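work-v6.cif (mmCIF, C-alpha atoms and all ligand atoms)
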data_query
loop_
_atom_site.label_atom_id
_atom_site.label_comp_id
_atom_site.auth_asym_id
_atom_site.auth_seq_id
_atom_site.Cartn_x
_atom_site.Cartn_y
_atom_site.Cartn_z
CA MET A 142 0.00 0.00 0.00
CA GLN A 143 1.01 3.54 -0.44
CA ALA A 144 2.57 5.39 2.42
CA ALA A 145 0.66 8.62 2.37
CA VAL A 146 2.55 11.55 3.74
CA GLY A 147 -0.47 13.83 3.58
CA PRO A 148 -0.52 17.43 2.51
CA VAL A 149 2.97 18.81 2.22
CA GLY A 150 2.02 22.45 2.19
CA ARG A 151 1.67 24.88 -0.65
CA VAL A 152 4.79 24.60 -2.71
CA ARG A 153 5.49 26.90 -5.61
CA LEU A 154 7.64 25.28 -8.24
CA GLY A 155 11.25 25.41 -7.24
CA VAL A 156 10.52 27.02 -3.90
CA VAL A 157 10.14 24.41 -1.18
CA MET A 158 8.32 26.08 1.68
CA ARG A 159 8.36 23.04 3.91
CA VAL A 160 11.27 20.65 3.82
CA ASP A 161 9.99 17.30 2.69
CA ALA A 162 11.52 14.74 0.39
CA VAL A 163 8.34 14.37 -1.61
CA ALA A 164 7.94 18.09 -2.03
CA ARG A 165 11.53 18.41 -3.21
CA ASN A 166 11.10 15.67 -5.76
CA VAL A 167 7.82 17.00 -7.03
CA THR A 168 9.03 20.53 -7.45
CA ARG A 169 12.12 19.27 -9.24
CA ASP A 170 10.02 17.13 -11.57
CA LEU A 171 7.55 19.89 -12.29
CA ASP A 172 10.22 22.49 -12.91
CA ASP A 173 10.88 20.92 -16.30
CA LEU A 174 7.32 21.33 -17.51
CA PRO A 175 5.80 24.18 -19.47
CA GLY A 176 3.15 26.41 -18.00
CA GLY A 177 4.54 27.69 -14.70
CA GLY A 178 2.39 28.65 -11.78
CA ILE A 179 1.44 25.08 -10.89
CA LEU A 180 1.26 24.55 -7.14
CA LEU A 181 1.50 21.31 -5.21
CA GLU A 182 -1.19 20.63 -2.63
CA HIS A 183 -0.71 16.96 -1.83
CA ALA A 184 1.54 14.07 -2.78
CA THR A 185 2.21 10.49 -1.72
CA ARG A 186 5.56 8.79 -1.57
CA HIS A 187 4.84 5.78 -3.74
CA THR A 188 2.76 4.95 -6.76
CA ALA A 189 3.48 1.26 -6.87
CA ALA A 190 0.02 0.00 -7.76
CA PHE A 191 -0.27 1.42 -11.27
CA SER A 192 -0.49 -0.64 -14.39
CA ILE A 193 -0.73 1.99 -17.10
CA ASP A 194 0.06 -0.16 -20.09
CA SER A 195 -2.83 0.26 -22.50
CA ASP A 196 -3.70 2.59 -25.35
CA GLN A 197 -7.10 3.00 -23.75
CA PRO A 198 -7.59 5.30 -20.79
CA CYS A 199 -6.33 3.38 -17.81
CA LEU A 200 -8.93 2.94 -15.13
CA ALA A 201 -6.28 1.98 -12.60
CA LEU A 202 -5.28 5.63 -12.59
CA ARG A 203 -7.84 8.38 -12.85
CA ILE A 204 -7.08 12.03 -13.30
CA GLY A 205 -9.72 14.48 -12.16
CA ILE A 206 -9.81 18.18 -13.01
CA ASP A 207 -11.93 20.69 -11.13
CA LEU A 208 -12.26 23.75 -13.34
CA GLY A 209 -13.28 26.51 -10.96
CA GLY A 210 -13.79 30.20 -11.36
CA THR A 211 -10.56 31.11 -9.55
CA LYS A 212 -8.46 27.95 -9.61
CA ILE A 213 -8.09 24.72 -11.53
CA VAL A 214 -7.25 21.67 -9.42
CA ALA A 215 -5.98 18.33 -10.72
CA THR A 216 -5.77 15.05 -8.85
CA ALA A 217 -4.69 11.50 -9.64
CA LEU A 218 -6.50 8.68 -7.87
CA ASP A 219 -5.15 5.18 -7.51
CA GLY A 220 -8.33 3.48 -6.35
CA SER A 221 -9.45 5.79 -3.56
CA ASP A 222 -5.91 6.92 -2.75
CA GLU A 223 -4.91 10.35 -3.91
CA VAL A 224 -1.45 10.23 -5.45
CA VAL A 225 -0.92 13.89 -6.15
CA ARG A 226 -2.95 17.08 -6.19
CA LEU A 227 -1.85 20.15 -8.10
CA ARG A 228 -3.48 23.47 -8.79
CA THR A 229 -3.07 26.60 -10.84
CA ASP A 230 -4.91 29.89 -11.19
CA THR A 231 -7.79 29.95 -13.65
CA PRO A 232 -7.02 32.21 -16.64
CA ARG A 233 -10.29 34.03 -16.19
CA GLY A 234 -11.89 35.27 -19.38
CA ASP A 235 -9.49 33.42 -21.70
CA TYR A 236 -10.78 30.14 -23.15
CA GLY A 237 -7.56 29.29 -25.02
CA LYS A 238 -5.42 29.77 -21.93
CA THR A 239 -7.92 27.72 -19.89
CA LEU A 240 -7.42 24.80 -22.30
CA GLU A 241 -3.67 25.28 -22.02
CA ALA A 242 -3.78 25.35 -18.21
CA ILE A 243 -5.72 22.06 -18.09
CA THR A 244 -3.35 20.44 -20.59
CA ASN A 245 -0.36 21.55 -18.54
CA LEU A 246 -1.87 20.21 -15.33
CA VAL A 247 -2.52 16.81 -16.91
CA ALA A 248 1.06 16.75 -18.20
CA ALA A 249 2.35 17.64 -14.75
CA VAL A 250 0.31 14.91 -13.05
CA GLU A 251 1.36 12.27 -15.58
CA HIS A 252 4.98 13.36 -15.31
CA PHE A 253 4.79 12.98 -11.54
CA VAL A 254 3.34 9.48 -11.89
CA GLN A 255 5.78 8.53 -14.64
CA GLN A 256 8.71 9.37 -12.39
CA ARG A 257 7.42 7.09 -9.66
CA ARG A 258 5.76 4.15 -11.34
CA PRO A 259 7.49 0.82 -11.59
CA GLN A 260 8.99 -0.37 -14.86
CA GLY A 261 6.33 -0.86 -17.48
CA ASN A 262 4.92 0.29 -20.75
CA GLY A 263 3.57 3.69 -21.48
CA GLY A 264 -0.08 4.42 -20.99
CA ARG A 265 -2.50 7.12 -20.19
CA ALA A 266 -4.75 7.86 -17.30
CA SER A 267 -8.46 8.46 -17.73
CA ILE A 268 -9.54 12.09 -17.49
CA GLY A 269 -12.71 13.54 -16.03
CA VAL A 270 -13.43 17.24 -15.73
CA GLY A 271 -15.86 19.03 -13.44
CA ILE A 272 -17.07 22.40 -14.68
CA PRO A 273 -19.30 25.14 -13.26
CA GLY A 274 -21.93 24.41 -15.88
CA THR A 275 -22.88 21.51 -18.08
CA ILE A 276 -22.45 20.18 -21.61
CA SER A 277 -25.54 20.55 -23.79
CA ALA A 278 -26.69 17.13 -24.96
CA SER A 279 -27.93 18.62 -28.23
CA SER A 280 -25.05 20.91 -29.19
CA GLY A 281 -22.13 19.44 -27.20
CA LEU A 282 -21.27 22.99 -26.09
CA VAL A 283 -20.93 24.34 -22.57
CA LYS A 284 -24.05 25.95 -21.11
CA ASN A 285 -25.19 27.33 -17.76
CA ALA A 286 -21.63 28.24 -16.75
CA ASN A 287 -21.07 31.13 -14.39
CA SER A 288 -17.51 31.18 -15.78
CA THR A 289 -18.96 32.88 -18.81
CA TRP A 290 -15.93 32.51 -21.10
CA LEU A 291 -16.70 28.78 -21.28
CA ILE A 292 -20.24 29.27 -22.58
CA ASP A 293 -20.89 27.92 -26.08
CA GLN A 294 -17.37 26.49 -26.31
CA PRO A 295 -16.73 22.90 -27.49
CA LEU A 296 -14.75 22.16 -24.32
CA ARG A 297 -14.92 18.37 -24.46
CA GLU A 298 -13.94 18.22 -28.12
CA ASP A 299 -11.07 20.68 -27.61
CA LEU A 300 -9.72 18.81 -24.59
CA GLU A 301 -9.98 15.43 -26.34
CA THR A 302 -7.99 16.82 -29.26
CA ARG A 303 -5.32 18.25 -27.01
CA LEU A 304 -5.08 15.28 -24.65
CA GLY A 305 -5.50 12.56 -27.28
CA ARG A 306 -8.10 10.50 -25.45
CA PRO A 307 -11.77 10.58 -24.51
CA VAL A 308 -12.65 13.06 -21.79
CA ARG A 309 -15.73 12.98 -19.59
CA ILE A 310 -17.17 16.26 -18.35
CA ALA A 311 -19.83 16.87 -15.73
CA ASN A 312 -21.22 19.66 -13.63
CA ASP A 313 -19.14 20.34 -10.52
CA ALA A 314 -22.04 19.63 -8.14
CA ASN A 315 -22.54 16.29 -9.90
CA CYS A 316 -18.85 15.53 -9.37
CA PHE A 317 -19.28 16.35 -5.69
CA ALA A 318 -22.21 13.91 -5.48
CA ILE A 319 -20.26 11.16 -7.25
CA SER A 320 -17.30 11.60 -4.92
CA GLU A 321 -19.35 11.41 -1.75
CA ALA A 322 -21.44 8.50 -3.07
CA THR A 323 -18.37 6.55 -4.18
CA ASP A 324 -16.06 6.69 -1.18
CA GLY A 325 -17.32 9.59 0.89
CA ALA A 326 -20.01 10.28 3.46
CA ALA A 327 -22.67 8.45 1.41
CA ALA A 328 -20.57 5.43 0.41
CA GLY A 329 -22.77 2.36 0.08
CA ALA A 330 -26.04 4.30 -0.13
CA GLU A 331 -28.38 3.48 -3.01
CA VAL A 332 -29.80 6.96 -3.66
CA VAL A 333 -27.72 10.03 -2.87
CA PHE A 334 -28.49 13.72 -3.20
CA GLY A 335 -25.31 15.80 -3.02
CA VAL A 336 -25.66 19.50 -2.30
CA ILE A 337 -23.07 22.25 -2.54
CA ILE A 338 -24.00 25.40 -0.69
CA GLY A 339 -21.51 28.21 -0.87
CA THR A 340 -21.73 31.37 -2.94
CA GLY A 341 -24.30 29.45 -4.98
CA VAL A 342 -26.46 26.36 -4.49
CA GLY A 343 -26.05 23.27 -6.66
CA GLY A 344 -26.93 19.62 -6.44
CA GLY A 345 -26.37 16.24 -8.00
CA ILE A 346 -28.05 12.83 -7.92
CA VAL A 347 -26.31 9.45 -7.81
CA VAL A 348 -28.34 6.25 -7.95
CA HIS A 349 -26.70 2.86 -7.45
CA GLY A 350 -23.30 4.46 -8.03
CA HIS A 351 -24.29 6.12 -11.29
CA LEU A 352 -24.69 9.82 -11.88
CA VAL A 353 -28.15 10.85 -13.04
CA GLY A 354 -27.28 13.60 -15.49
CA GLY A 355 -30.74 14.12 -16.90
CA MET A 356 -32.16 14.62 -20.38
CA ASN A 357 -31.27 18.33 -20.20
CA GLY A 358 -28.17 17.93 -18.09
CA ILE A 359 -29.74 19.71 -15.13
CA ALA A 360 -30.78 16.85 -12.83
CA GLY A 361 -30.38 17.90 -9.21
CA GLU A 362 -30.27 21.63 -9.93
CA TRP A 363 -32.64 22.53 -7.13
CA GLY A 364 -30.98 25.91 -6.39
CA HIS A 365 -33.20 27.70 -8.88
CA ASN A 366 -36.44 26.11 -7.80
CA PRO A 367 -38.60 28.59 -5.91
CA LEU A 368 -38.34 28.34 -2.12
CA PRO A 369 -41.40 26.25 -1.15
CA MET A 370 -44.17 27.74 0.95
CA PRO A 371 -42.75 31.26 1.38
CA ASP A 372 -44.03 33.07 4.47
CA ALA A 373 -43.98 36.67 5.66
CA ASN A 374 -40.30 36.34 6.71
CA ASP A 375 -39.38 35.45 3.13
CA GLU A 376 -41.05 38.48 1.56
CA PRO A 377 -40.17 40.35 -0.53
CA LEU A 378 -38.73 37.47 -2.52
CA PRO A 379 -35.11 38.30 -3.42
CA GLN A 380 -34.18 38.83 -7.05
CA CYS A 381 -31.97 36.03 -8.44
CA TYR A 382 -29.36 36.49 -11.15
CA CYS A 383 -31.20 33.84 -13.20
CA GLY A 384 -34.07 36.28 -13.73
CA LYS A 385 -36.54 34.78 -11.27
CA ARG A 386 -37.42 35.80 -7.73
CA GLY A 387 -37.26 33.73 -4.56
CA CYS A 388 -34.97 30.97 -5.85
CA ILE A 389 -33.70 28.62 -3.12
CA GLU A 390 -30.20 29.92 -3.88
CA THR A 391 -31.16 33.48 -2.92
CA PHE A 392 -31.96 32.22 0.61
CA LEU A 393 -29.57 29.35 1.25
CA SER A 394 -26.33 30.59 -0.33
CA GLY A 395 -23.78 32.33 1.89
CA PRO A 396 -24.63 35.76 0.42
CA GLY A 397 -28.31 34.83 0.90
CA MET A 398 -27.84 34.28 4.63
CA SER A 399 -25.87 37.54 4.98
CA ALA A 400 -28.55 39.49 3.09
CA ASP A 401 -31.31 38.02 5.24
CA HIS A 402 -29.46 38.90 8.44
CA GLU A 403 -28.89 42.46 7.23
CA LYS A 404 -32.53 42.82 6.18
CA VAL A 405 -33.74 41.99 9.68
CA SER A 406 -30.97 43.36 11.90
CA ALA A 407 -29.38 46.08 9.70
CA VAL A 408 -25.99 44.50 10.48
CA LYS A 409 -23.69 43.21 7.73
CA LEU A 410 -22.04 39.92 8.71
CA LEU A 411 -20.56 36.98 6.88
CA PRO A 412 -22.10 33.55 7.63
CA PRO A 413 -19.21 32.41 9.91
CA GLU A 414 -19.62 35.65 11.88
CA ILE A 415 -23.36 35.04 12.21
CA VAL A 416 -22.70 31.49 13.47
CA GLU A 417 -20.14 32.75 15.96
CA ALA A 418 -22.45 35.51 17.18
CA ALA A 419 -25.31 33.05 17.64
CA ALA A 420 -23.06 30.73 19.65
CA SER A 421 -22.16 33.71 21.87
CA GLY A 422 -25.81 34.39 22.65
CA ASP A 423 -26.65 37.01 20.00
CA ALA A 424 -30.43 36.66 19.65
CA ALA A 425 -30.61 38.28 16.21
CA ALA A 426 -27.93 35.97 14.82
CA ASP A 427 -29.67 32.94 16.32
CA ALA A 428 -32.95 34.04 14.75
CA THR A 429 -31.20 34.32 11.37
CA LEU A 430 -29.93 30.75 11.71
CA GLN A 431 -33.38 29.54 12.71
CA ARG A 432 -34.93 31.16 9.61
CA TYR A 433 -32.14 29.61 7.53
CA GLU A 434 -32.71 26.14 8.98
CA GLN A 435 -36.43 26.43 8.44
CA ARG A 436 -35.91 27.38 4.80
CA MET A 437 -33.42 24.58 4.23
CA ALA A 438 -35.92 22.14 5.76
CA ARG A 439 -38.63 23.28 3.33
CA ALA A 440 -36.25 23.13 0.37
CA LEU A 441 -34.90 19.67 1.20
CA ALA A 442 -38.34 18.29 2.04
CA GLY A 443 -39.22 19.01 -1.59
CA VAL A 444 -36.21 16.93 -2.67
CA ILE A 445 -37.19 14.09 -0.32
CA ASN A 446 -40.73 14.07 -1.71
CA VAL A 447 -39.41 13.63 -5.26
CA LEU A 448 -36.29 11.53 -4.83
CA ASP A 449 -36.60 10.00 -1.34
CA PRO A 450 -32.81 9.63 -1.01
CA ASP A 451 -31.03 7.49 1.57
CA VAL A 452 -28.59 10.29 2.25
CA ILE A 453 -28.33 14.02 1.60
CA VAL A 454 -24.70 15.15 1.72
CA LEU A 455 -23.88 18.80 2.29
CA GLY A 456 -20.72 20.40 0.93
CA GLY A 457 -19.51 23.94 0.36
CA GLY A 458 -18.83 26.64 2.94
CA MET A 459 -22.29 26.54 4.54
CA SER A 460 -21.90 22.82 5.30
CA ASN A 461 -19.56 23.81 8.14
CA ILE A 462 -22.53 24.96 10.24
CA ALA A 463 -22.74 22.05 12.65
CA ARG A 464 -26.23 22.73 14.00
CA LEU A 465 -27.80 22.14 10.56
CA TYR A 466 -27.37 18.38 10.90
CA THR A 467 -29.59 18.14 13.96
CA ASN A 468 -32.01 21.01 13.42
CA VAL A 469 -32.88 20.62 9.72
CA PRO A 470 -33.93 16.93 9.86
CA ARG A 471 -36.06 17.75 12.92
CA LEU A 472 -37.76 20.54 10.95
CA TRP A 473 -38.21 18.80 7.60
CA ARG A 474 -40.58 16.22 9.09
CA GLN A 475 -43.49 18.65 8.91
CA TYR A 476 -43.05 19.13 5.15
CA VAL A 477 -42.35 15.58 3.98
CA PHE A 478 -45.40 13.77 2.61
CA CYS A 479 -47.12 11.63 5.24
CA ALA A 480 -44.11 11.58 7.57
CA GLY A 481 -46.50 11.48 10.51
CA ALA A 482 -45.25 9.28 13.29
CA ASP A 483 -43.40 7.03 10.88
CA GLU A 484 -39.63 7.09 11.11
CA LEU A 485 -38.05 9.38 8.50
CA ARG A 486 -34.90 7.56 7.56
CA THR A 487 -33.20 10.01 5.18
CA ARG A 488 -29.93 11.19 6.73
CA LEU A 489 -28.37 14.64 6.44
CA VAL A 490 -24.57 14.41 6.66
CA ALA A 491 -21.49 16.54 6.03
CA ALA A 492 -19.19 15.77 3.11
CA LYS A 493 -16.25 13.54 3.95
CA HIS A 494 -13.80 14.90 1.42
CA GLY A 495 -14.58 18.58 1.86
CA ASP A 496 -13.20 20.85 -0.84
CA ALA A 497 -11.47 17.89 -2.51
CA SER A 498 -14.77 16.21 -3.37
CA GLY A 499 -15.20 18.13 -6.63
CA VAL A 500 -11.88 17.05 -8.07
CA ARG A 501 -12.18 13.49 -6.72
CA GLY A 502 -15.62 13.17 -8.29
CA ALA A 503 -14.26 14.37 -11.63
CA ALA A 504 -11.78 11.50 -11.49
CA TRP A 505 -14.61 9.08 -10.65
CA LEU A 506 -16.46 10.04 -13.86
CA TRP A 507 -14.62 6.97 -15.12
CA PRO A 508 -16.01 4.45 -12.64
CA ILE A 509 -14.38 1.27 -11.44
CA ARG A 510 -14.59 -1.53 -13.97
ZN ZN B 1 -32.43 31.65 -9.71
#

Kindly transcribe the structure held in the file into structure tokens.
Ligand SMILES: [Zn+2]
Amino acid sequence: MQAAVGPVGRVRLGVVMRVDAVARNVTRDLDDLPGGGILLEHATRHTAAFSIDSDQPCLALRIGIDLGGTKIVATALDGSDEVVRLRTDTPRGDYGKTLEAITNLVAAVEHFVQQRRPQGNGGRASIGVGIPGTISASSGLVKNANSTWLIDQPLREDLETRLGRPVRIANDANCFAISEATDGAAAGAEVVFGVIIGTGVGGGIVVHGHLVGGMNGIAGEWGHNPLPMPDANDEPLPQCYCGKRGCIETFLSGPGMSADHEKVSAVKLLPPEIVEAAASGDAAADATLQRYEQRMARALAGVINVLDPDVIVLGGGMSNIARLYTNVPRLWRQYVFCAGADELRTRLVAAKHGDASGVRGAAWLWPIR
């Protein structure tokens, strides 16, 4: 088995910030590659288990790419073990440079593996990419991306040409759901709803280990459903960037919580500050959290009524609010169809892999054979 050494700190190429044999080797290896600005986040000492000896993408080694609005992260998974994780800044607004950055990251990961694998033939890892949007089933072009320079671009085709192999692409919330359903907080569950709540609200559905993408590529996108059963506290319904009013995202996102707190208390606070204030006995902050929990209960009860998942996994910044996991399931009972006295067995749990779930799920777009 691999001897994981864990995160070795943020290491800019050629500048070892923490003395570690792995970090030294990685930075030396990566120095030779084009496209500077690649940072090391994690590496393991050994990569002995690989057998990359086929012309086909090798499912023994999976590369995942998380294409975010500010950074692009790449990982290589050997089974569930993360071999290396690298990142670089996203060339915002420049599609060509975004393609180049992804290509360079893949080259860097494969170079790292190549230096450490046992003797064998050449071969290529499989590649999955998570994006803040989706690929249109009809046109094959990117749609619904808040990284607007990706919209209407043939991202999959362009990456396949550059990387010389098939590439699978999925929405980043779907990647999160795959990761947590595969070897995360919902491992072993039959039906999983994965939710990312941060600056936005996204979701993904995994059934029996398979992603449910949907005919329109929007399965699980509950963030732009209207908040169910709005009451006087919810009025006036906030305007959403999507053009509608009262979307779940306008209430449950981090900015949504801050805006609600300011509306009621006239105090501007970030969500962690609201949580801290509530824990210190601030009644207004506690009331904000109670409204938030009540809204999340209504929103997730709607999901339970449609999907009836075994597990709902929360990720993103708002998933760090510990009280959600006890309070929301207590509240959602009153909105779930015929819950009555019957036991409601759906669990609400925090993501196991945290921020790494997006990139791990991208790698898992090529599932185990
Ligand atoms: Zn909306």

**Report entry** Who sits within 9 Å of Val332 in chain A, only C-alpha atoms, same chain under 5 positions skipped, as a PyMOL selection string
**Finding:** chain A and resi 322+327+346-350+448-453

Can I get the residues of chain A within 6 Å of ligand ZN 1 (chain B), each with the closest pair of atoms and their distance in Å to one decimal, using all atoms listed in the file, sorted chain first then ascending number, as JSON lines?
{"residue": "A:His365", "atom": "CA", "partner": "B:ZN1", "partner_atom": "ZN", "distance": 4.1}
{"residue": "A:Cys381", "atom": "CA", "partner": "B:ZN1", "partner_atom": "ZN", "distance": 4.6}
{"residue": "A:Tyr382", "atom": "CA", "partner": "B:ZN1", "partner_atom": "ZN", "distance": 5.9}
{"residue": "A:Cys383", "atom": "CA", "partner": "B:ZN1", "partner_atom": "ZN", "distance": 4.3}
{"residue": "A:Lys385", "atom": "CA", "partner": "B:ZN1", "partner_atom": "ZN", "distance": 5.4}
{"residue": "A:Cys388", "atom": "CA", "partner": "B:ZN1", "partner_atom": "ZN", "distance": 4.7}

Report summary line: One residue among A:His351, A:Arg233, A:Arg228, A:Arg203 is nearest to Ala215 in chain A when using all atoms listed in the file, and that residue is A:Arg228

Query raised in the report: Which neighbours of Gly281 in chain A fall inside 12 Å, counting all atoms listed in the file, when residues of the same chain fewer than 2 positions from it are skipped, and could you give them as a PyMOL selection string?
Result: chain A and resi 275-279+283-284+292-299+309-311+357-358

Requested in this report: Kindly give the distance, in Å, that separates CA of Thr429 in chain A and CA of Arg464 in chain A, rounded to a single decimal.
Outcome: 12.9 Å

Query - Neighbour residues at most 7 Å from (-21.1, 30.5, 4.1) (only C-alpha atoms) as number ranges by chain - result: A: 339, 394-395, 412-413, 458-459

Query raised in the report: What is the distance between CA of His494 in chain A and CA of Gly325 in chain A, in Å to one decimal?
Result: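 A separation of 6.4 Å between them.
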
Provide range 335-353 of chain A rebuilt to N, CA and C atoms, formatted as a tab-separated table (two decimals), in the frame of the given file.
chain	number	residue	atom	x	y	z
A	335	GLY	N	-26.46	15.00	-3.46
A	335	GLY	CA	-25.31	15.80	-3.02
A	335	GLY	C	-25.61	17.27	-3.25
A	336	VAL	N	-25.33	18.08	-2.25
A	336	VAL	CA	-25.66	19.50	-2.30
A	336	VAL	C	-24.41	20.32	-2.02
A	337	ILE	N	-24.14	21.29	-2.85
A	337	ILE	CA	-23.07	22.25	-2.54
A	337	ILE	C	-23.72	23.58	-2.26
A	338	ILE	N	-23.46	24.10	-1.05
A	338	ILE	CA	-24.00	25.40	-0.69
A	338	ILE	C	-22.85	26.31	-0.29
A	339	GLY	N	-22.56	27.24	-1.14
A	339	GLY	CA	-21.51	28.21	-0.87
A	339	GLY	C	-21.98	29.56	-1.37
A	340	THR	N	-21.26	30.12	-2.33
A	340	THR	CA	-21.73	31.37	-2.94
A	340	THR	C	-22.95	31.10	-3.82
A	341	GLY	N	-23.11	29.86	-4.24
A	341	GLY	CA	-24.30	29.45	-4.98
A	341	GLY	C	-24.84	28.17	-4.36
A	342	VAL	N	-25.87	27.62	-4.98
A	342	VAL	CA	-26.46	26.36	-4.49
A	342	VAL	C	-26.61	25.41	-5.67
A	343	GLY	N	-25.94	24.27	-5.59
A	343	GLY	CA	-26.05	23.27	-6.66
A	343	GLY	C	-26.36	21.91	-6.07
A	344	GLY	N	-26.65	20.96	-6.93
A	344	GLY	CA	-26.93	19.62	-6.44
A	344	GLY	C	-26.70	18.58	-7.51
A	345	GLY	N	-26.55	17.35	-7.08
A	345	GLY	CA	-26.37	16.24	-8.00
A	345	GLY	C	-26.98	14.97	-7.43
A	346	ILE	N	-27.37	14.06	-8.32
A	346	ILE	CA	-28.05	12.83	-7.92
A	346	ILE	C	-27.23	11.63	-8.39
A	347	VAL	N	-26.98	10.71	-7.47
A	347	VAL	CA	-26.31	9.45	-7.81
A	347	VAL	C	-27.19	8.31	-7.34
A	348	VAL	N	-27.49	7.40	-8.26
A	348	VAL	CA	-28.34	6.25	-7.95
A	348	VAL	C	-27.57	4.98	-8.27
A	349	HIS	N	-27.44	4.12	-7.28
A	349	HIS	CA	-26.70	2.86	-7.45
A	349	HIS	C	-25.31	3.11	-8.04
A	350	GLY	N	-24.66	4.16	-7.59
A	350	GLY	CA	-23.30	4.46	-8.03
A	350	GLY	C	-23.19	5.19	-9.34
A	351	HIS	N	-24.33	5.46	-9.99
A	351	HIS	CA	-24.29	6.12	-11.29
A	351	HIS	C	-24.88	7.52	-11.21
A	352	LEU	N	-24.20	8.46	-11.83
A	352	LEU	CA	-24.69	9.82	-11.88
A	352	LEU	C	-25.95	9.89	-12.74
A	353	VAL	N	-26.96	10.58	-12.23
A	353	VAL	CA	-28.15	10.85	-13.04
A	353	VAL	C	-27.97	12.25	-13.61
